[in-house]
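S.K.: Sharing a structure, written as C-alpha cells. Questions coming.
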Protein chains: 2
Amino acid sequence: MLQFHKQTRSPMAASRSRPPPAPPAASPAQALIAAHGRVTRTRVAVLDSLLASHQPLNHDQIAAELAATGEHHDRVTVYRALDWLVEQGIAARIAGSDRAWKFEAVRRGHRHAHFHCDTCGRVLCLEAVEPAIAVALPEGFRLEQAELVLRGACPDCARNGER
Amino acid sequence: MLQFHKQTRSPMAASRSRPPPAPPAASPAQALIAAHGRVTRTRVAVLDSLLASHQPLNHDQIAAELAATGEHHDRVTVYRALDWLVEQGIAARIAGSDRAWKFEAVRRGHRHAHFHCDTCGRVLCLEAVEPAIAVALPEGFRLEQAELVLRGACPDCARNGER
DNA sequence: GGACAAGATGCTACAATGTTGCAATTCCAT
DNA sequence: ATGGAATTGCAACATTGTAGCATCTTGTCC
Ligand SMILES: [Mn+2]
Ligand SMILES: [Mn+2]
Ligand SMILES: [Zn+2]
Ligand SMILES: [Zn+2]
C-alpha cells in the first residue's frame with residue numbers, strides 16, 4: 001500500500017526535497033476563497049466539502065466530511081467559516097425542515113428550487129425545474145428573493161414504502 | 001356594558017343560578033377542536049390566539065398572548081397543543097428565517113404564499129398572490145406541497161430605512 | 001526572509017428552541 | 001358519578017447555534 005505523508009509544516013520537512021514545486025496548484029476552493037479574503041485551513045476544507053457534494057449539507061454532515069479527512073476542525077470555527085462563505089456569496093444557506101441550516105456552494109450564481117424529503121430529510125436541488133413564478137406583490141414590499149420550496153418524498157423514499 | 005361571567009367550574013357556582021344555560025355556546029375554537037378530539041384549556045387558548053391573529057405567530061408570541069389572559073399555560077403543553085393542531089390540519093407550521101417555527105390557523109384549507117421580512121422578522125400572509133407555479137418535477141418524486149417563500153422588506157420596514 | 005497588525009481560531013460559556021419520561025390530573029363516553 | 005385513556009406539568013435533556021476573549025495565523029510591507 002502506498003504510504004502518504006501528511007503535508008507537514010515541521011521545519012525539517014522541506015529542506016531536502018525537490019525545488020519549490022511552483023505555485024502550490026491552488027484548488028478551486030482556495031482560488032475562490034483567495035478572491036474574497038484570507039485563505040484558512042477550515043474555510044478551504046468546508047468549501048471543498050460543499051463543492052464535492054451534489055446536495056446541500058447541514059453542519060453535522062459537513063463536520064462528518066471534515067472528520068473523515070483526519071484533520072480536526074473546531075465546531076465554532078466551522079460555523080464561522082460557513083457564515084463567512086455565505087456573506088461572500090460563495091455559499092448559500094437553505095432552511096431545512098428540521099431546524100438546522102443547510103449549505104451549498106453557489107454555482108455560477110444559479111438559483112434553483114429545492115425539494116425537501118419528509119422521509120429521509122434530504123434536500124435535493126432541482127436545477128432543471130424552472131418555476132415560472134409570476135408574483136404580483138402588493139405595493140410597498142421590497143422583494144429580495146423568491147424561493148420555491150417543494151415538499152414530499154424523494155424518488156428513493158417514494159420507491160420504498162409506496163405511500 | 002354587558003357583564004360576562006367567566007365560565008367557572010367552582011362547586012358553588014352553578015347551584016343557585018338559572019337552569020343549565022343550554023350548550024355553553026362553544027367558541028369557534030372549541031367547535032373546531034371538538035370535531036377532532038378532546039377539548040382542553042390550552043388547546044382552546046392556543047387556537048384562539050391563532051384565529052385572532054392575522055399573521056403567523058411563533059411560540060414566544062403565542063405564549064405572550066396566553067400570558068395576557070392571566071391564565072397560566074405550561075410551555076411544554078403549548079408545544080404539544082401546537083403539534084396536535086398541526087397534525088389535525090387545524091393549524092399550519094411555517095419555517096421562519098430564525099429557527100423558530102411559526103404557526104397559523106388554516107382557513108378554509110386555503111394555502112397561500114408568505115413574505116418573510118428580513119428586517120422585523122415578521123411573516124406576512126399573501127392571500128392574494130396567486131403564484132402560478134408551474135412545476136415540472138422529474139420522475140419519481142411524490143409532491144406533497146409546493147410553497148412559495150418570498151424574502152425582503154415588508155412595507156413598514158421598507159418605508160422606514162429606505163434601502 | 002522577518003516584523004507587524006488585522007483577522008481568524010479555539011476554548012468555554014451561554015442562549016434559544018424544542019423534546020422526553022413519567023407521575024398526577026383531566027376529559028368524556030358510559 | 002365512574003373509570004380508563006388522553007392530557008398535563010414538571011424537571012431533565014438534546015440540538016443548534018452565538019458571544020467573549022486570549023492566542024495564533026495570514027498576508028503585507030520592508
Ligand atoms: Mn441547491
Ligand atoms: Mn399565512
Ligand atoms: Zn427521501
Ligand atoms: Zn418588516
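All residue names refer to the C-alpha cells as shown: chains lettered A, B, ... in order, residues numbered from 1 in each chain, ligands numbered from 1 in order.
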Could you list, as a PyMOL selection string, every residue within 7 Å of Arg43 (chain B), counting only C-alpha atoms (C1' of nucleotides) and ignoring same-chain residues fewer than 4 positions away?
M.R.: chain B and resi 39+47+81
S.K.: For ligand 3, collect every residue having any atom at a distance of at most 7 Å from a ligand atom (counting only C-alpha atoms (C1' of nucleotides) and all ligand atoms); output as a list of chain:residue names.
M.R.: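 Protein and nucleic-acid residues within 7 Å of ligand 3: A:Cys117, A:Asp118, A:Thr119, A:Cys120, A:Gly121, A:Arg122, A:Ala153, A:Cys154, A:Pro155, A:Asp156, A:Cys157.
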S.K.: Keeping only N, CA, C and O atoms, take the residues you just selected and write them out as a PDB file, in the first residue's frame.
M.R.:
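The result, stored in out_12.pdb:
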ATOM      1  N   CYS A 117     -37.266  16.288   1.313  1.00  0.00           N
ATOM      2  CA  CYS A 117     -37.886  14.987   1.528  1.00  0.00           C
ATOM      3  C   CYS A 117     -38.278  14.842   2.996  1.00  0.00           C
ATOM      4  O   CYS A 117     -37.440  14.911   3.887  1.00  0.00           O
ATOM      5  N   ASP A 118     -39.582  14.633   3.221  1.00  0.00           N
ATOM      6  CA  ASP A 118     -40.083  14.499   4.586  1.00  0.00           C
ATOM      7  C   ASP A 118     -39.634  13.195   5.218  1.00  0.00           C
ATOM      8  O   ASP A 118     -39.660  13.052   6.441  1.00  0.00           O
ATOM      9  N   THR A 119     -39.247  12.236   4.393  1.00  0.00           N
ATOM     10  CA  THR A 119     -38.912  10.918   4.915  1.00  0.00           C
ATOM     11  C   THR A 119     -37.445  10.823   5.333  1.00  0.00           C
ATOM     12  O   THR A 119     -37.147  10.462   6.463  1.00  0.00           O
ATOM     13  N   CYS A 120     -36.545  11.139   4.426  1.00  0.00           N
ATOM     14  CA  CYS A 120     -35.119  10.984   4.749  1.00  0.00           C
ATOM     15  C   CYS A 120     -34.498  12.303   5.174  1.00  0.00           C
ATOM     16  O   CYS A 120     -33.358  12.341   5.627  1.00  0.00           O
ATOM     17  N   GLY A 121     -35.230  13.397   5.030  1.00  0.00           N
ATOM     18  CA  GLY A 121     -34.718  14.681   5.494  1.00  0.00           C
ATOM     19  C   GLY A 121     -33.768  15.365   4.525  1.00  0.00           C
ATOM     20  O   GLY A 121     -33.327  16.483   4.786  1.00  0.00           O
ATOM     21  N   ARG A 122     -33.435  14.695   3.416  1.00  0.00           N
ATOM     22  CA  ARG A 122     -32.502  15.321   2.481  1.00  0.00           C
ATOM     23  C   ARG A 122     -33.161  16.485   1.744  1.00  0.00           C
ATOM     24  O   ARG A 122     -34.379  16.554   1.620  1.00  0.00           O
ATOM     25  N   ALA A 153     -41.902  13.248  -0.942  1.00  0.00           N
ATOM     26  CA  ALA A 153     -40.973  12.115  -0.843  1.00  0.00           C
ATOM     27  C   ALA A 153     -40.059  12.109  -2.056  1.00  0.00           C
ATOM     28  O   ALA A 153     -40.526  12.244  -3.191  1.00  0.00           O
ATOM     29  N   CYS A 154     -38.761  11.967  -1.795  1.00  0.00           N
ATOM     30  CA  CYS A 154     -37.797  11.920  -2.885  1.00  0.00           C
ATOM     31  C   CYS A 154     -37.940  10.580  -3.608  1.00  0.00           C
ATOM     32  O   CYS A 154     -38.544   9.647  -3.077  1.00  0.00           O
ATOM     33  N   PRO A 155     -37.393  10.446  -4.803  1.00  0.00           N
ATOM     34  CA  PRO A 155     -37.536   9.195  -5.559  1.00  0.00           C
ATOM     35  C   PRO A 155     -37.150   7.960  -4.748  1.00  0.00           C
ATOM     36  O   PRO A 155     -37.899   6.981  -4.722  1.00  0.00           O
ATOM     37  N   ASP A 156     -36.023   8.017  -4.062  1.00  0.00           N
ATOM     38  CA  ASP A 156     -35.608   6.878  -3.234  1.00  0.00           C
ATOM     39  C   ASP A 156     -36.687   6.491  -2.236  1.00  0.00           C
ATOM     40  O   ASP A 156     -37.078   5.334  -2.146  1.00  0.00           O
ATOM     41  N   CYS A 157     -37.139   7.475  -1.487  1.00  0.00           N
ATOM     42  CA  CYS A 157     -38.098   7.190  -0.418  1.00  0.00           C
ATOM     43  C   CYS A 157     -39.469   6.853  -0.972  1.00  0.00           C
ATOM     44  O   CYS A 157     -40.223   6.088  -0.366  1.00  0.00           O
TER      45      CYS A 157
END
S.K.: Please, which residues of chain A lie no more than 10 Å from chain B when the count uses only C-alpha atoms, and can they be set out as a short mmCIF file (atom, residue, chain, number, x, y, z; two decimals) with all heavy atoms, in the first residue's frame?
M.R.:
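So iface00.cif came out as:
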data_model
loop_
_atom_site.label_atom_id
_atom_site.label_comp_id
_atom_site.auth_asym_id
_atom_site.auth_seq_id
_atom_site.Cartn_x
_atom_site.Cartn_y
_atom_site.Cartn_z
N ILE A 94 -29.76 27.41 3.29
CA ILE A 94 -31.10 26.94 2.96
C ILE A 94 -31.77 26.44 4.22
O ILE A 94 -31.19 25.63 4.95
CB ILE A 94 -31.02 25.79 1.94
CG1 ILE A 94 -30.41 26.31 0.64
CG2 ILE A 94 -32.37 25.18 1.71
CD1 ILE A 94 -29.95 25.21 -0.25
N ALA A 95 -32.99 26.92 4.48
CA ALA A 95 -33.70 26.49 5.68
C ALA A 95 -34.21 25.08 5.49
O ALA A 95 -34.90 24.79 4.51
CB ALA A 95 -34.86 27.44 5.97
N GLY A 96 -33.85 24.19 6.39
CA GLY A 96 -34.32 22.81 6.33
C GLY A 96 -35.67 22.68 7.01
O GLY A 96 -36.21 23.64 7.54
N SER A 97 -36.22 21.48 6.99
CA SER A 97 -37.50 21.28 7.65
C SER A 97 -37.26 20.87 9.11
O SER A 97 -38.12 21.03 9.95
CB SER A 97 -38.33 20.24 6.92
OG SER A 97 -37.51 19.22 6.40
N ASP A 98 -36.10 20.30 9.41
CA ASP A 98 -35.69 20.30 10.79
C ASP A 98 -35.22 21.73 11.03
O ASP A 98 -35.36 22.56 10.17
CB ASP A 98 -34.56 19.28 11.03
CG ASP A 98 -33.49 19.35 9.97
OD1 ASP A 98 -33.56 20.21 9.07
OD2 ASP A 98 -32.56 18.53 10.01
N ARG A 99 -34.65 22.03 12.17
CA ARG A 99 -34.31 23.45 12.28
C ARG A 99 -32.82 23.70 12.20
O ARG A 99 -32.27 24.59 12.82
CB ARG A 99 -35.02 24.06 13.49
CG ARG A 99 -34.32 24.40 14.72
CD ARG A 99 -35.27 24.38 15.88
NE ARG A 99 -35.94 23.09 15.96
CZ ARG A 99 -35.35 22.00 16.47
NH1 ARG A 99 -34.14 22.04 16.93
NH2 ARG A 99 -35.99 20.85 16.50
N ALA A 100 -32.18 22.91 11.33
CA ALA A 100 -30.75 23.11 11.08
C ALA A 100 -30.57 23.66 9.66
O ALA A 100 -31.15 23.13 8.71
CB ALA A 100 -30.01 21.79 11.23
N TRP A 101 -29.76 24.68 9.53
CA TRP A 101 -29.48 25.22 8.20
C TRP A 101 -28.77 24.20 7.36
O TRP A 101 -27.97 23.40 7.88
CB TRP A 101 -28.62 26.46 8.32
CG TRP A 101 -29.28 27.60 9.00
CD1 TRP A 101 -28.98 28.10 10.23
CD2 TRP A 101 -30.37 28.39 8.51
NE1 TRP A 101 -29.82 29.14 10.53
CE2 TRP A 101 -30.68 29.35 9.49
CE3 TRP A 101 -31.10 28.38 7.32
CZ2 TRP A 101 -31.70 30.28 9.33
CZ3 TRP A 101 -32.11 29.31 7.17
CH2 TRP A 101 -32.40 30.25 8.16
N ALA A 113 -34.83 25.72 -7.43
CA ALA A 113 -35.75 25.27 -6.39
C ALA A 113 -35.17 24.07 -5.66
O ALA A 113 -34.24 23.42 -6.13
CB ALA A 113 -37.09 24.90 -7.03
N PHE A 115 -36.12 20.51 -3.24
CA PHE A 115 -37.13 19.55 -2.81
C PHE A 115 -36.73 18.98 -1.45
O PHE A 115 -35.64 18.43 -1.30
CB PHE A 115 -37.24 18.42 -3.84
CG PHE A 115 -38.38 17.48 -3.56
CD1 PHE A 115 -39.59 17.65 -4.20
CD2 PHE A 115 -38.25 16.43 -2.66
CE1 PHE A 115 -40.65 16.79 -3.95
CE2 PHE A 115 -39.31 15.58 -2.39
CZ PHE A 115 -40.51 15.75 -3.04
N HIS A 116 -37.60 19.15 -0.47
CA HIS A 116 -37.31 18.66 0.88
C HIS A 116 -38.02 17.34 1.09
O HIS A 116 -39.24 17.29 1.07
CB HIS A 116 -37.80 19.68 1.92
CG HIS A 116 -37.11 21.00 1.82
ND1 HIS A 116 -36.33 21.52 2.83
CD2 HIS A 116 -37.08 21.92 0.83
CE1 HIS A 116 -35.85 22.69 2.46
NE2 HIS A 116 -36.29 22.96 1.25
N CYS A 117 -37.27 16.29 1.31
CA CYS A 117 -37.89 14.99 1.53
C CYS A 117 -38.28 14.84 3.00
O CYS A 117 -37.44 14.91 3.89
CB CYS A 117 -36.95 13.85 1.13
SG CYS A 117 -37.69 12.24 1.44
N ASP A 118 -39.58 14.63 3.22
CA ASP A 118 -40.08 14.50 4.59
C ASP A 118 -39.63 13.19 5.22
O ASP A 118 -39.66 13.05 6.44
CB ASP A 118 -41.62 14.53 4.59
CG ASP A 118 -42.14 15.90 4.21
OD1 ASP A 118 -41.42 16.88 4.46
OD2 ASP A 118 -43.25 15.97 3.65
N LEU A 126 -33.14 21.05 -7.50
CA LEU A 126 -33.89 20.82 -8.73
C LEU A 126 -33.43 21.86 -9.74
O LEU A 126 -34.13 22.83 -10.01
CB LEU A 126 -35.39 20.95 -8.47
CG LEU A 126 -35.93 19.95 -7.45
CD1 LEU A 126 -37.37 20.26 -7.11
CD2 LEU A 126 -35.81 18.53 -7.99
N ALA A 128 -33.24 21.75 -12.77
CA ALA A 128 -33.98 21.78 -14.03
C ALA A 128 -35.32 22.51 -13.89
O ALA A 128 -35.79 23.13 -14.83
CB ALA A 128 -34.23 20.36 -14.52
N VAL A 129 -35.92 22.42 -12.72
CA VAL A 129 -37.25 22.97 -12.54
C VAL A 129 -37.25 24.48 -12.69
O VAL A 129 -36.70 25.18 -11.84
CB VAL A 129 -37.83 22.59 -11.16
CG1 VAL A 129 -39.15 23.30 -10.96
CG2 VAL A 129 -37.98 21.09 -11.06
N GLU A 130 -37.84 24.97 -13.75
CA GLU A 130 -37.93 26.41 -13.92
C GLU A 130 -39.30 26.85 -13.44
O GLU A 130 -40.31 26.59 -14.08
CB GLU A 130 -37.72 26.78 -15.39
CG GLU A 130 -37.40 28.25 -15.57
CD GLU A 130 -36.41 28.77 -14.53
OE1 GLU A 130 -35.22 28.38 -14.57
OE2 GLU A 130 -36.85 29.54 -13.67
N PRO A 131 -39.36 27.45 -12.28
CA PRO A 131 -40.63 27.65 -11.60
C PRO A 131 -41.61 28.57 -12.31
O PRO A 131 -42.80 28.44 -12.13
CB PRO A 131 -40.23 28.27 -10.26
CG PRO A 131 -38.75 28.11 -10.17
CD PRO A 131 -38.25 28.02 -11.56
N ALA A 132 -41.14 29.50 -13.10
CA ALA A 132 -42.08 30.42 -13.73
C ALA A 132 -42.97 31.05 -12.68
O ALA A 132 -44.19 30.95 -12.71
CB ALA A 132 -42.93 29.72 -14.78
N ILE A 133 -42.35 31.65 -11.72
CA ILE A 133 -43.09 32.30 -10.66
C ILE A 133 -43.48 33.68 -11.11
O ILE A 133 -42.63 34.53 -11.35
CB ILE A 133 -42.25 32.40 -9.38
CG1 ILE A 133 -41.83 31.02 -8.93
CG2 ILE A 133 -43.03 33.10 -8.30
CD1 ILE A 133 -40.87 31.04 -7.77
N ALA A 134 -44.76 33.89 -11.23
CA ALA A 134 -45.23 35.22 -11.59
C ALA A 134 -45.85 35.84 -10.34
O ALA A 134 -47.00 35.61 -10.04
CB ALA A 134 -46.25 35.14 -12.71
N VAL A 135 -45.05 36.54 -9.61
CA VAL A 135 -45.53 37.11 -8.36
C VAL A 135 -46.01 38.53 -8.58
O VAL A 135 -45.28 39.36 -9.08
CB VAL A 135 -44.41 37.14 -7.30
CG1 VAL A 135 -45.03 37.28 -5.93
CG2 VAL A 135 -43.54 35.94 -7.41
N ALA A 136 -47.22 38.77 -8.19
CA ALA A 136 -47.74 40.13 -8.22
C ALA A 136 -47.84 40.61 -6.78
O ALA A 136 -48.85 40.41 -6.12
CB ALA A 136 -49.10 40.18 -8.90
N LEU A 137 -46.78 41.18 -6.30
CA LEU A 137 -46.70 41.58 -4.90
C LEU A 137 -47.41 42.91 -4.71
O LEU A 137 -47.27 43.81 -5.54
CB LEU A 137 -45.22 41.69 -4.53
CG LEU A 137 -44.80 41.38 -3.11
CD1 LEU A 137 -45.35 40.04 -2.67
CD2 LEU A 137 -43.28 41.35 -3.04
N PRO A 138 -48.18 43.04 -3.62
CA PRO A 138 -48.84 44.33 -3.36
C PRO A 138 -47.82 45.46 -3.21
O PRO A 138 -46.65 45.22 -2.95
CB PRO A 138 -49.56 44.08 -2.03
CG PRO A 138 -49.68 42.60 -1.91
CD PRO A 138 -48.51 42.02 -2.64
N GLU A 139 -48.29 46.69 -3.36
CA GLU A 139 -47.48 47.89 -3.12
C GLU A 139 -46.69 47.82 -1.82
O GLU A 139 -47.20 47.30 -0.83
CB GLU A 139 -48.40 49.12 -3.02
CG GLU A 139 -48.86 49.72 -4.33
CD GLU A 139 -47.70 50.26 -5.15
OE1 GLU A 139 -46.87 51.01 -4.61
OE2 GLU A 139 -47.63 49.90 -6.35
N GLY A 140 -45.50 48.37 -1.84
CA GLY A 140 -44.81 48.63 -0.59
C GLY A 140 -43.76 47.60 -0.25
O GLY A 140 -42.77 47.91 0.42
N PHE A 141 -43.95 46.39 -0.70
CA PHE A 141 -42.96 45.36 -0.40
C PHE A 141 -41.71 45.58 -1.24
O PHE A 141 -41.78 46.01 -2.39
CB PHE A 141 -43.51 43.98 -0.75
CG PHE A 141 -44.53 43.47 0.22
CD1 PHE A 141 -45.88 43.72 0.03
CD2 PHE A 141 -44.14 42.75 1.34
CE1 PHE A 141 -46.83 43.26 0.94
CE2 PHE A 141 -45.08 42.28 2.24
CZ PHE A 141 -46.42 42.53 2.04
N ARG A 142 -40.55 45.29 -0.64
CA ARG A 142 -39.32 45.26 -1.43
C ARG A 142 -38.85 43.82 -1.49
O ARG A 142 -38.40 43.27 -0.49
CB ARG A 142 -38.24 46.16 -0.81
CG ARG A 142 -37.02 46.26 -1.73
CD ARG A 142 -36.00 47.27 -1.25
NE ARG A 142 -35.40 46.86 0.01
CZ ARG A 142 -35.36 47.63 1.09
NH1 ARG A 142 -35.91 48.82 1.09
NH2 ARG A 142 -34.78 47.18 2.20
N LEU A 143 -38.99 43.22 -2.64
CA LEU A 143 -38.68 41.79 -2.79
C LEU A 143 -37.19 41.59 -3.01
O LEU A 143 -36.57 42.25 -3.83
CB LEU A 143 -39.45 41.21 -3.98
CG LEU A 143 -39.25 39.70 -4.21
CD1 LEU A 143 -39.75 38.93 -2.99
CD2 LEU A 143 -39.98 39.26 -5.46
N GLU A 144 -36.62 40.69 -2.22
CA GLU A 144 -35.18 40.44 -2.31
C GLU A 144 -34.94 39.10 -2.99
O GLU A 144 -34.00 38.94 -3.76
CB GLU A 144 -34.60 40.40 -0.90
CG GLU A 144 -33.18 40.89 -0.79
CD GLU A 144 -33.11 42.41 -0.94
OE1 GLU A 144 -33.85 43.13 -0.20
OE2 GLU A 144 -32.34 42.87 -1.79
N GLN A 145 -35.80 38.15 -2.67
CA GLN A 145 -35.59 36.80 -3.21
C GLN A 145 -36.90 36.04 -3.19
O GLN A 145 -37.72 36.19 -2.28
CB GLN A 145 -34.58 36.06 -2.33
CG GLN A 145 -34.11 34.76 -2.93
CD GLN A 145 -33.49 33.85 -1.88
OE1 GLN A 145 -33.67 34.07 -0.69
NE2 GLN A 145 -32.77 32.84 -2.32
N ALA A 146 -37.13 35.23 -4.20
CA ALA A 146 -38.31 34.36 -4.24
C ALA A 146 -37.82 32.93 -4.36
O ALA A 146 -37.01 32.60 -5.23
CB ALA A 146 -39.20 34.72 -5.41
N GLU A 147 -38.28 32.09 -3.46
CA GLU A 147 -37.79 30.72 -3.46
C GLU A 147 -38.97 29.77 -3.49
O GLU A 147 -39.96 29.96 -2.79
CB GLU A 147 -36.96 30.48 -2.20
CG GLU A 147 -36.11 29.22 -2.26
CD GLU A 147 -35.47 28.91 -0.92
OE1 GLU A 147 -35.53 29.78 -0.02
OE2 GLU A 147 -34.95 27.79 -0.77
N LEU A 148 -38.82 28.75 -4.29
CA LEU A 148 -39.87 27.75 -4.38
C LEU A 148 -39.45 26.54 -3.56
O LEU A 148 -38.40 25.95 -3.81
CB LEU A 148 -40.10 27.36 -5.83
CG LEU A 148 -41.19 26.33 -6.06
CD1 LEU A 148 -42.52 26.86 -5.53
CD2 LEU A 148 -41.29 26.01 -7.53
N VAL A 149 -40.24 26.21 -2.57
CA VAL A 149 -39.91 25.09 -1.70
C VAL A 149 -40.90 23.95 -1.94
O VAL A 149 -42.10 24.13 -1.76
CB VAL A 149 -39.97 25.51 -0.22
CG1 VAL A 149 -39.69 24.31 0.68
CG2 VAL A 149 -38.97 26.61 0.05
N LEU A 150 -40.39 22.81 -2.33
CA LEU A 150 -41.25 21.67 -2.58
C LEU A 150 -41.05 20.63 -1.49
O LEU A 150 -39.93 20.43 -1.03
CB LEU A 150 -40.91 21.06 -3.95
CG LEU A 150 -40.97 22.08 -5.08
CD1 LEU A 150 -40.53 21.47 -6.40
CD2 LEU A 150 -42.35 22.67 -5.20
N ARG A 151 -42.12 20.02 -1.06
CA ARG A 151 -42.06 19.02 -0.01
C ARG A 151 -42.72 17.74 -0.47
O ARG A 151 -43.64 17.76 -1.27
CB ARG A 151 -42.83 19.50 1.22
CG ARG A 151 -42.06 20.31 2.24
CD ARG A 151 -42.91 20.37 3.50
NE ARG A 151 -43.59 19.08 3.66
CZ ARG A 151 -44.90 18.89 3.54
NH1 ARG A 151 -45.70 19.89 3.30
NH2 ARG A 151 -45.41 17.67 3.66
N GLY A 152 -42.25 16.61 0.09
CA GLY A 152 -42.86 15.33 -0.25
C GLY A 152 -41.88 14.20 -0.05
O GLY A 152 -41.14 14.22 0.93
N ALA A 153 -41.90 13.25 -0.94
CA ALA A 153 -40.97 12.12 -0.84
C ALA A 153 -40.06 12.11 -2.06
O ALA A 153 -40.53 12.24 -3.19
CB ALA A 153 -41.75 10.80 -0.75
N CYS A 154 -38.76 11.97 -1.80
CA CYS A 154 -37.80 11.92 -2.88
C CYS A 154 -37.94 10.58 -3.61
O CYS A 154 -38.54 9.65 -3.08
CB CYS A 154 -36.39 12.10 -2.35
SG CYS A 154 -35.72 10.67 -1.50
N PRO A 155 -37.39 10.45 -4.80
CA PRO A 155 -37.54 9.19 -5.56
C PRO A 155 -37.15 7.96 -4.75
O PRO A 155 -37.90 6.98 -4.72
CB PRO A 155 -36.60 9.40 -6.74
CG PRO A 155 -36.61 10.87 -6.97
CD PRO A 155 -36.68 11.47 -5.59
N ASP A 156 -36.02 8.02 -4.06
CA ASP A 156 -35.61 6.88 -3.23
C ASP A 156 -36.69 6.49 -2.24
O ASP A 156 -37.08 5.33 -2.15
CB ASP A 156 -34.33 7.22 -2.45
CG ASP A 156 -33.10 7.21 -3.36
OD1 ASP A 156 -33.27 6.96 -4.57
OD2 ASP A 156 -31.99 7.46 -2.86
N CYS A 157 -37.14 7.48 -1.49
CA CYS A 157 -38.10 7.19 -0.42
C CYS A 157 -39.47 6.85 -0.97
O CYS A 157 -40.22 6.09 -0.37
CB CYS A 157 -38.19 8.37 0.53
SG CYS A 157 -36.67 8.67 1.44
N ALA A 158 -39.81 7.42 -2.12
CA ALA A 158 -41.12 7.14 -2.72
C ALA A 158 -41.15 5.69 -3.20
O ALA A 158 -42.17 5.02 -3.11
CB ALA A 158 -41.39 8.09 -3.87
N ARG A 159 -40.02 5.21 -3.73
CA ARG A 159 -39.95 3.85 -4.25
C ARG A 159 -40.13 2.84 -3.12
O ARG A 159 -41.06 2.03 -3.14
CB ARG A 159 -38.62 3.61 -4.96
CG ARG A 159 -38.62 2.31 -5.76
CD ARG A 159 -37.38 2.19 -6.63
NE ARG A 159 -36.93 3.50 -7.14
CZ ARG A 159 -35.81 4.12 -6.75
NH1 ARG A 159 -35.03 3.56 -5.84
NH2 ARG A 159 -35.48 5.28 -7.27
N GLU A 162 -43.99 2.60 -0.68
CA GLU A 162 -45.02 3.22 -1.52
C GLU A 162 -46.13 3.73 -0.63
O GLU A 162 -46.78 2.95 0.03
CB GLU A 162 -45.61 2.17 -2.46
CG GLU A 162 -44.60 1.38 -3.26
CD GLU A 162 -44.01 2.20 -4.38
OE1 GLU A 162 -44.68 3.15 -4.82
OE2 GLU A 162 -42.88 1.89 -4.81
N ARG A 163 -46.41 4.94 -0.70
CA ARG A 163 -47.40 5.60 0.16
C ARG A 163 -46.71 6.30 1.31
O ARG A 163 -45.94 5.82 2.01
CB ARG A 163 -48.37 4.59 0.80
CG ARG A 163 -49.86 4.67 0.53
CD ARG A 163 -50.65 5.79 1.09
NE ARG A 163 -50.02 7.09 1.11
CZ ARG A 163 -50.56 8.18 0.59
NH1 ARG A 163 -51.70 8.12 0.00
NH2 ARG A 163 -49.98 9.36 0.68
#
S.K.: Find the residue from A:Val76, A:Ala92, A:Ala63, A:Ala52 that sits nearest to chain C; use only C-alpha atoms (C1' of nucleotides) when measuring.
M.R.: A:Val76
S.K.: As a PyMOL selection string, could you give me every residue of chain B near chain C (at most 12 Å apart, counting only C-alpha atoms (C1' of nucleotides))?
M.R.: chain B and resi 34+37-41+58-60+75-80+83+98-102
S.K.: Within 7 Å of ligand 2 (counting only C-alpha atoms (C1' of nucleotides) and all ligand atoms), which residues show up? I'd like them as an NGL selection string.
M.R.: :B and (55-56 or 104 or 112-114 or 124-126)
S.K.: Please write the residues from the selection above to a file, keeping N, CA, C and O atoms, as a short mmCIF file (atom, residue, chain, number, x, y, z; two decimals), in the first residue's frame.
M.R.:
data_model
loop_
_atom_site.label_atom_id
_atom_site.label_comp_id
_atom_site.auth_asym_id
_atom_site.auth_seq_id
_atom_site.Cartn_x
_atom_site.Cartn_y
_atom_site.Cartn_z
N GLN B 55 -51.44 37.15 11.27
CA GLN B 55 -50.17 36.67 10.72
C GLN B 55 -49.67 35.53 11.58
O GLN B 55 -50.06 35.38 12.75
N PRO B 56 -48.79 34.70 11.03
CA PRO B 56 -48.29 33.54 11.77
C PRO B 56 -47.54 33.97 13.02
O PRO B 56 -46.83 34.97 13.02
N GLU B 104 -50.03 29.18 12.12
CA GLU B 104 -51.22 29.97 11.77
C GLU B 104 -52.39 29.02 11.65
O GLU B 104 -52.23 27.84 11.36
N HIS B 112 -51.48 29.68 0.83
CA HIS B 112 -51.04 30.94 0.22
C HIS B 112 -49.56 31.16 0.46
O HIS B 112 -48.95 30.49 1.29
N ALA B 113 -48.99 32.09 -0.26
CA ALA B 113 -47.56 32.37 -0.12
C ALA B 113 -47.31 33.25 1.11
O ALA B 113 -48.24 33.86 1.65
N HIS B 114 -46.07 33.25 1.57
CA HIS B 114 -45.72 34.07 2.72
C HIS B 114 -44.52 34.93 2.42
O HIS B 114 -43.61 34.52 1.71
N LEU B 124 -45.61 37.66 6.75
CA LEU B 124 -46.92 38.17 6.35
C LEU B 124 -47.56 37.24 5.33
O LEU B 124 -46.89 36.72 4.45
N CYS B 125 -48.84 37.04 5.50
CA CYS B 125 -49.58 36.18 4.59
C CYS B 125 -49.94 36.97 3.34
O CYS B 125 -50.39 38.10 3.42
N LEU B 126 -49.72 36.35 2.20
CA LEU B 126 -50.07 36.99 0.94
C LEU B 126 -51.21 36.21 0.30
O LEU B 126 -51.01 35.45 -0.64
#
S.K.: Quick check: residues of chain D within 8 Å of chain A, only C-alpha atoms (C1' of nucleotides), returned as an MDAnalysis selection string.
M.R.: chainID D and resid 16 26:27
S.K.: Show which residues sit within 12 Å of Ala64 (chain B), as number ranges by chain. Count only C-alpha atoms (C1' of nucleotides), and ignore same-chain residues fewer than 3 positions away.
M.R.: B: 45-46, 49, 57-61, 67-73, 75, 78
S.K.: Go ahead and save the residues from that selection, with C-alpha atoms, as an mmCIF file, in the first residue's frame.
M.R.:
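Result file result.cif:
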data_model
loop_
_atom_site.group_PDB
_atom_site.id
_atom_site.type_symbol
_atom_site.label_atom_id
_atom_site.label_comp_id
_atom_site.auth_asym_id
_atom_site.auth_seq_id
_atom_site.Cartn_x
_atom_site.Cartn_y
_atom_site.Cartn_z
ATOM 1 C CA ALA B 45 -56.477 29.152 24.269
ATOM 2 C CA VAL B 46 -53.798 28.480 21.657
ATOM 3 C CA SER B 49 -54.695 33.158 19.627
ATOM 4 C CA LEU B 57 -47.092 33.515 15.366
ATOM 5 C CA ASN B 58 -44.116 31.796 16.889
ATOM 6 C CA HIS B 59 -44.148 30.075 20.240
ATOM 7 C CA ASP B 60 -42.986 33.159 22.080
ATOM 8 C CA GLN B 61 -45.695 35.336 20.631
ATOM 9 C CA ALA B 67 -49.985 35.259 29.434
ATOM 10 C CA ALA B 68 -52.110 38.321 28.679
ATOM 11 C CA THR B 69 -55.239 36.380 29.612
ATOM 12 C CA GLY B 70 -53.904 35.833 33.107
ATOM 13 C CA GLU B 71 -54.195 32.067 32.951
ATOM 14 C CA HIS B 72 -51.030 30.034 33.230
ATOM 15 C CA HIS B 73 -50.162 27.616 30.450
ATOM 16 C CA ARG B 75 -44.545 25.755 27.954
ATOM 17 C CA VAL B 78 -48.326 24.698 24.455
#
